[in-house]
>>> print(open('start27.pdb').read())   # PDB, C-alpha atoms and all ligand atoms
MODEL        1
ATOM      1  CA  MET A 199      -1.078 -37.145  12.300  1.00  0.00           C
ATOM      2  CA  SER A 200       2.732 -36.803  12.265  1.00  0.00           C
ATOM      3  CA  SER A 201       4.409 -34.229  14.478  1.00  0.00           C
ATOM      4  CA  LYS A 202       5.291 -32.243  11.380  1.00  0.00           C
ATOM      5  CA  GLU A 203       1.672 -32.179  10.234  1.00  0.00           C
ATOM      6  CA  TYR A 204       0.609 -31.322  13.752  1.00  0.00           C
ATOM      7  CA  ALA A 205       3.027 -28.379  13.865  1.00  0.00           C
ATOM      8  CA  ARG A 206       1.763 -27.161  10.504  1.00  0.00           C
ATOM      9  CA  GLU A 207      -1.843 -27.456  11.633  1.00  0.00           C
ATOM     10  CA  TYR A 208      -1.038 -25.621  14.870  1.00  0.00           C
ATOM     11  CA  LYS A 209       0.620 -22.796  12.943  1.00  0.00           C
ATOM     12  CA  ARG A 210      -2.353 -22.577  10.575  1.00  0.00           C
ATOM     13  CA  LYS A 211      -4.771 -22.254  13.495  1.00  0.00           C
ATOM     14  CA  GLN A 212      -2.551 -19.658  15.167  1.00  0.00           C
ATOM     15  CA  ARG A 213      -2.564 -17.667  11.954  1.00  0.00           C
ATOM     16  CA  ILE A 214      -6.372 -17.765  11.661  1.00  0.00           C
ATOM     17  CA  LYS A 215      -6.682 -16.706  15.289  1.00  0.00           C
ATOM     18  CA  ALA A 216      -4.179 -13.874  14.831  1.00  0.00           C
ATOM     19  CA  ARG A 217      -5.985 -12.666  11.714  1.00  0.00           C
ATOM     20  CA  LYS A 218      -9.278 -12.582  13.617  1.00  0.00           C
ATOM     21  CA  GLU A 219      -7.766 -10.706  16.540  1.00  0.00           C
ATOM     22  CA  GLY A 220      -5.914  -8.249  14.309  1.00  0.00           C
ATOM     23  CA  ILE A 221      -2.456  -9.285  15.435  1.00  0.00           C
ATOM     24  CA  CYS A 222       0.529 -10.132  13.261  1.00  0.00           C
ATOM     25  CA  ILE A 223       0.221 -13.586  11.623  1.00  0.00           C
ATOM     26  CA  HIS A 224       4.021 -13.972  11.526  1.00  0.00           C
ATOM     27  CA  CYS A 225       5.109 -13.258  15.082  1.00  0.00           C
ATOM     28  CA  CYS A 226       1.605 -13.478  16.676  1.00  0.00           C
ATOM     29  CA  LYS A 227       2.909 -10.847  19.067  1.00  0.00           C
ATOM     30  CA  TYR A 228       2.455  -7.292  17.855  1.00  0.00           C
ATOM     31  CA  PRO A 229      -0.702  -5.683  16.492  1.00  0.00           C
ATOM     32  CA  ALA A 230      -1.031  -5.877  12.702  1.00  0.00           C
ATOM     33  CA  THR A 231      -0.686  -2.685  10.685  1.00  0.00           C
ATOM     34  CA  VAL A 232      -3.971  -1.229   9.378  1.00  0.00           C
ATOM     35  CA  ASN A 233      -5.049  -3.070   6.191  1.00  0.00           C
ATOM     36  CA  TYR A 234      -2.348  -5.727   6.705  1.00  0.00           C
ATOM     37  CA  THR A 235      -2.024  -9.080   8.408  1.00  0.00           C
ATOM     38  CA  SER A 236       1.467  -8.433   9.772  1.00  0.00           C
ATOM     39  CA  CYS A 237       3.011  -5.988  12.215  1.00  0.00           C
ATOM     40  CA  GLU A 238       5.323  -3.116  11.304  1.00  0.00           C
ATOM     41  CA  LYS A 239       8.404  -5.112  12.362  1.00  0.00           C
ATOM     42  CA  CYS A 240       7.605  -8.225  10.320  1.00  0.00           C
ATOM     43  CA  ARG A 241       6.494  -6.126   7.349  1.00  0.00           C
ATOM     44  CA  GLU A 242       9.860  -4.386   7.342  1.00  0.00           C
ATOM     45  CA  ALA A 243      11.715  -7.706   7.633  1.00  0.00           C
ATOM     46  CA  ILE A 244       9.684  -9.158   4.748  1.00  0.00           C
ATOM     47  CA  ARG A 245      10.176  -6.030   2.664  1.00  0.00           C
ATOM     48  CA  ILE A 246      13.955  -6.168   3.118  1.00  0.00           C
ATOM     49  CA  ARG A 247      14.028  -9.879   2.297  1.00  0.00           C
ATOM     50  CA  MET A 248      11.847  -9.360  -0.772  1.00  0.00           C
ATOM     51  CA  SER A 249      13.788  -6.357  -2.034  1.00  0.00           C
ATOM     52  CA  ALA A 250      17.032  -8.330  -1.681  1.00  0.00           C
ATOM     53  CA  TYR A 251      15.372 -11.078  -3.681  1.00  0.00           C
ATOM     54  CA  HIS A 252      13.962  -8.710  -6.283  1.00  0.00           C
ATOM     55  CA  SER A 253      17.218  -6.826  -6.661  1.00  0.00           C
ATOM     56  CA  HIS A 254      18.334  -9.923  -8.555  1.00  0.00           C
ATOM     57  CA  ALA A 255      15.134 -10.073 -10.584  1.00  0.00           C
ATOM     58  CA  PRO A 256      15.912  -9.961 -14.296  1.00  0.00           C
ATOM     59  CA  ASP A 257      14.016  -8.001 -16.944  1.00  0.00           C
ATOM     60  CA  ARG A 258      13.911  -4.775 -15.018  1.00  0.00           C
ATOM     61  CA  PRO A 259      14.509  -1.551 -16.918  1.00  0.00           C
ATOM     62  CA  ASP A 260      17.994  -0.096 -16.528  1.00  0.00           C
ATOM     63  CA  LYS A 261      18.564   2.329 -13.683  1.00  0.00           C
ATOM     64  CA  PRO A 262      17.957   5.891 -14.884  1.00  0.00           C
ATOM     65  CA  PRO A 263      20.682   8.476 -14.140  1.00  0.00           C
ATOM     66  CA  VAL A 264      18.322  10.385 -11.860  1.00  0.00           C
ATOM     67  CA  CYS A 265      15.163   9.730  -9.818  1.00  0.00           C
ATOM     68  CA  PRO A 266      12.294  10.373 -12.277  1.00  0.00           C
ATOM     69  CA  LEU A 267      10.093  11.826  -9.537  1.00  0.00           C
ATOM     70  CA  CYS A 268      12.152  14.510  -7.741  1.00  0.00           C
ATOM     71  CA  GLU A 269      14.880  14.688 -10.411  1.00  0.00           C
ATOM     72  CA  ASN A 270      17.330  15.539  -7.637  1.00  0.00           C
ATOM     73  CA  THR A 271      20.766  14.682  -9.008  1.00  0.00           C
ATOM     74  CA  LYS A 272      22.146  14.556  -5.430  1.00  0.00           C
ATOM     75  CA  ASN A 273      20.173  11.374  -4.781  1.00  0.00           C
ATOM     76  CA  LYS A 274      22.601   8.887  -6.261  1.00  0.00           C
ATOM     77  CA  ILE A 275      21.073   5.735  -4.786  1.00  0.00           C
ATOM     78  CA  LEU A 276      17.954   4.462  -6.505  1.00  0.00           C
ATOM     79  CA  TYR A 277      15.701   1.707  -5.203  1.00  0.00           C
ATOM     80  CA  TRP A 278      13.509  -0.541  -7.246  1.00  0.00           C
ATOM     81  CA  HIS A 279       9.957   0.301  -6.215  1.00  0.00           C
ATOM     82  CA  HIS A 280       7.287  -2.276  -6.976  1.00  0.00           C
ATOM     83  CA  TRP A 281       3.840  -2.877  -5.553  1.00  0.00           C
ATOM     84  CA  ASP A 282       2.954  -6.355  -6.740  1.00  0.00           C
ATOM     85  CA  ASP A 283       5.110  -9.231  -5.493  1.00  0.00           C
ATOM     86  CA  ASN A 284       3.620 -11.430  -8.198  1.00  0.00           C
ATOM     87  CA  GLN A 285       4.967  -9.054 -10.835  1.00  0.00           C
ATOM     88  CA  PRO A 286       8.270  -7.829  -9.376  1.00  0.00           C
ATOM     89  CA  THR A 287       9.422  -6.355 -12.668  1.00  0.00           C
ATOM     90  CA  LYS A 288       6.396  -4.027 -12.755  1.00  0.00           C
ATOM     91  CA  GLY A 289       7.787  -0.979 -11.002  1.00  0.00           C
ATOM     92  CA  MET A 290      10.159   1.939 -11.246  1.00  0.00           C
ATOM     93  CA  TRP A 291      13.478   3.218  -9.933  1.00  0.00           C
ATOM     94  CA  LEU A 292      13.115   5.866  -7.235  1.00  0.00           C
ATOM     95  CA  CYS A 293      15.422   7.572  -4.757  1.00  0.00           C
ATOM     96  CA  PRO A 294      14.951   6.598  -1.064  1.00  0.00           C
ATOM     97  CA  HIS A 295      13.035   9.824  -0.292  1.00  0.00           C
ATOM     98  CA  CYS A 296      10.538   9.404  -3.105  1.00  0.00           C
ATOM     99  CA  ASN A 297      10.351   5.686  -2.397  1.00  0.00           C
ATOM    100  CA  ALA A 298       9.234   6.436   1.187  1.00  0.00           C
ATOM    101  CA  ILE A 299       6.570   8.849  -0.083  1.00  0.00           C
ATOM    102  CA  VAL A 300       5.154   6.509  -2.705  1.00  0.00           C
ATOM    103  CA  GLU A 301       5.047   3.726  -0.094  1.00  0.00           C
ATOM    104  CA  LEU A 302       2.692   6.001   1.855  1.00  0.00           C
ATOM    105  CA  GLU A 303       0.611   6.502  -1.267  1.00  0.00           C
ATOM    106  CA  ASP A 304       0.463   2.744  -1.863  1.00  0.00           C
ATOM    107  CA  ARG A 305      -0.747   2.312   1.712  1.00  0.00           C
ATOM    108  CA  LYS A 306      -3.437   4.963   1.072  1.00  0.00           C
ATOM    109  CA  LEU A 307      -1.887   7.180   3.745  1.00  0.00           C
ATOM    110  CA  VAL A 308      -1.568  10.181   1.438  1.00  0.00           C
ATOM    111  CA  GLN A 309      -5.366  10.219   1.102  1.00  0.00           C
ATOM    112  CA  LYS A 310      -5.576  10.069   4.888  1.00  0.00           C
ATOM    113  CA  TYR A 311      -3.071  12.928   5.209  1.00  0.00           C
ATOM    114  CA  ILE A 312      -5.171  15.078   2.859  1.00  0.00           C
ATOM    115  CA  GLY A 313      -8.208  14.362   5.058  1.00  0.00           C
ATOM    116  CA  LEU A 314      -6.326  15.310   8.230  1.00  0.00           C
ATOM    117  CA  LYS A 315      -4.949  18.448   6.575  1.00  0.00           C
ATOM    118  CA  SER A 316      -8.420  19.515   5.426  1.00  0.00           C
ATOM    119  CA  ALA A 317      -9.712  19.096   8.979  1.00  0.00           C
ATOM    120  CA  VAL A 318      -6.942  21.413  10.261  1.00  0.00           C
ATOM    121  CA  ILE A 319      -7.722  24.006   7.565  1.00  0.00           C
ATOM    122  CA  VAL A 320     -11.449  23.906   8.330  1.00  0.00           C
ATOM    123  CA  ASP A 321     -10.651  24.238  12.034  1.00  0.00           C
ATOM    124  CA  PHE A 322      -8.544  27.347  11.362  1.00  0.00           C
ATOM    125  CA  LEU A 323     -11.279  28.903   9.186  1.00  0.00           C
ATOM    126  CA  SER A 324     -13.827  28.526  11.952  1.00  0.00           C
ATOM    127  CA  ARG A 325     -11.699  30.429  14.477  1.00  0.00           C
TER     128      ARG A 325
HETATM  129 ZN    ZN A 401       5.018  -9.487  13.503  1.00  0.00          ZN
HETATM  130 ZN    ZN A 402      13.344  11.143  -5.822  1.00  0.00          ZN
ENDMDL
END
>>> encode(input="start27.pdb", output="structure tokens")
Amino acid sequence: MSSKEYAREYKRKQRIKARKEGICIHCCKYPATVNYTSCEKCREAIRIRMSAYHSHAPDRPDKPPVCPLCENTKNKILYWHHWDDNQPTKGMWLCPHCNAIVELEDRKLVQKYIGLKSAVIVDFLSR
């Protein structure tokens, strides 16, 4: 086995171990985010790298004059929001605020928020 192959094999094993232990498979340092194999830090780094890459992706619809979700004309900057890295052109233009919210939805955190909110409401009713 060459040293290159050895290094690759070592990395592969590290990744399997990290996955099992629920730590980030990229840095093998920080705990992985719920439902993901990488930590918050690496996820952000990957997201930035991917969005820089996808900002050059062709075949995307033209930027609309306003965010289609909040329709706030003050939000001049629009980000390309996509959820499938295999189909980077499948997505929509959103302002940073709406983009942050839909990210939560994509991570199923909105559903979780509704659950937490309901628990608070029920708690208040029982007082
Ligand atoms: Zn990491
Ligand atoms: Zn918006």
>>> resolve_selection(input="start27.pdb", expression="the PyMOL selection byres (((not hetatm)) within 9 of (chain A and resi 402))", output="PDB file with C-alpha atoms, in the coordinates of the input")
ATOM      1  CA  VAL A 264      18.322  10.385 -11.860  1.00  0.00           C
ATOM      2  CA  CYS A 265      15.163   9.730  -9.818  1.00  0.00           C
ATOM      3  CA  PRO A 266      12.294  10.373 -12.277  1.00  0.00           C
ATOM      4  CA  LEU A 267      10.093  11.826  -9.537  1.00  0.00           C
ATOM      5  CA  CYS A 268      12.152  14.510  -7.741  1.00  0.00           C
ATOM      6  CA  GLU A 269      14.880  14.688 -10.411  1.00  0.00           C
ATOM      7  CA  ASN A 270      17.330  15.539  -7.637  1.00  0.00           C
ATOM      8  CA  THR A 271      20.766  14.682  -9.008  1.00  0.00           C
ATOM      9  CA  ASN A 273      20.173  11.374  -4.781  1.00  0.00           C
ATOM     10  CA  LEU A 276      17.954   4.462  -6.505  1.00  0.00           C
ATOM     11  CA  TRP A 291      13.478   3.218  -9.933  1.00  0.00           C
ATOM     12  CA  LEU A 292      13.115   5.866  -7.235  1.00  0.00           C
ATOM     13  CA  CYS A 293      15.422   7.572  -4.757  1.00  0.00           C
ATOM     14  CA  PRO A 294      14.951   6.598  -1.064  1.00  0.00           C
ATOM     15  CA  HIS A 295      13.035   9.824  -0.292  1.00  0.00           C
ATOM     16  CA  CYS A 296      10.538   9.404  -3.105  1.00  0.00           C
ATOM     17  CA  ASN A 297      10.351   5.686  -2.397  1.00  0.00           C
TER      18      ASN A 297
END
>>> residues_near_ligand(input="start27.pdb", ligand="ligand ZN 401 (chain A)", cutoff="6 Å", atoms="only C-alpha atoms and all ligand atoms", output="count of residues only")
8
>>> atom_distance(input="start27.pdb", atom1="atom CA of Tyr208 of chain A", atom2="atom CA of Glu242 of chain A")
25.0 Å
>>> atom_distance(input="start27.pdb", atom1="atom CA of Thr235 of chain A", atom2="atom CA of Gly220 of chain A")
7.1 Å
>>> residues_around(input="start27.pdb", residues="Glu238 of chain A", least_positions_apart="5", cutoff="12 Å", atoms="only C-alpha atoms", output="ChimeraX atom specification")
/A:221-225,227-233,243-245
>>> atom_distance(input="start27.pdb", atom1="atom CA of Ile312 of chain A", atom2="atom CA of Ser324 of chain A")
18.4 Å
>>> closest_residue(input="start27.pdb", among="A:Ile275, A:Leu323, A:Val300, A:Cys226", to="Lys209 of chain A", atoms="all atoms listed in the file")
A:Cys226
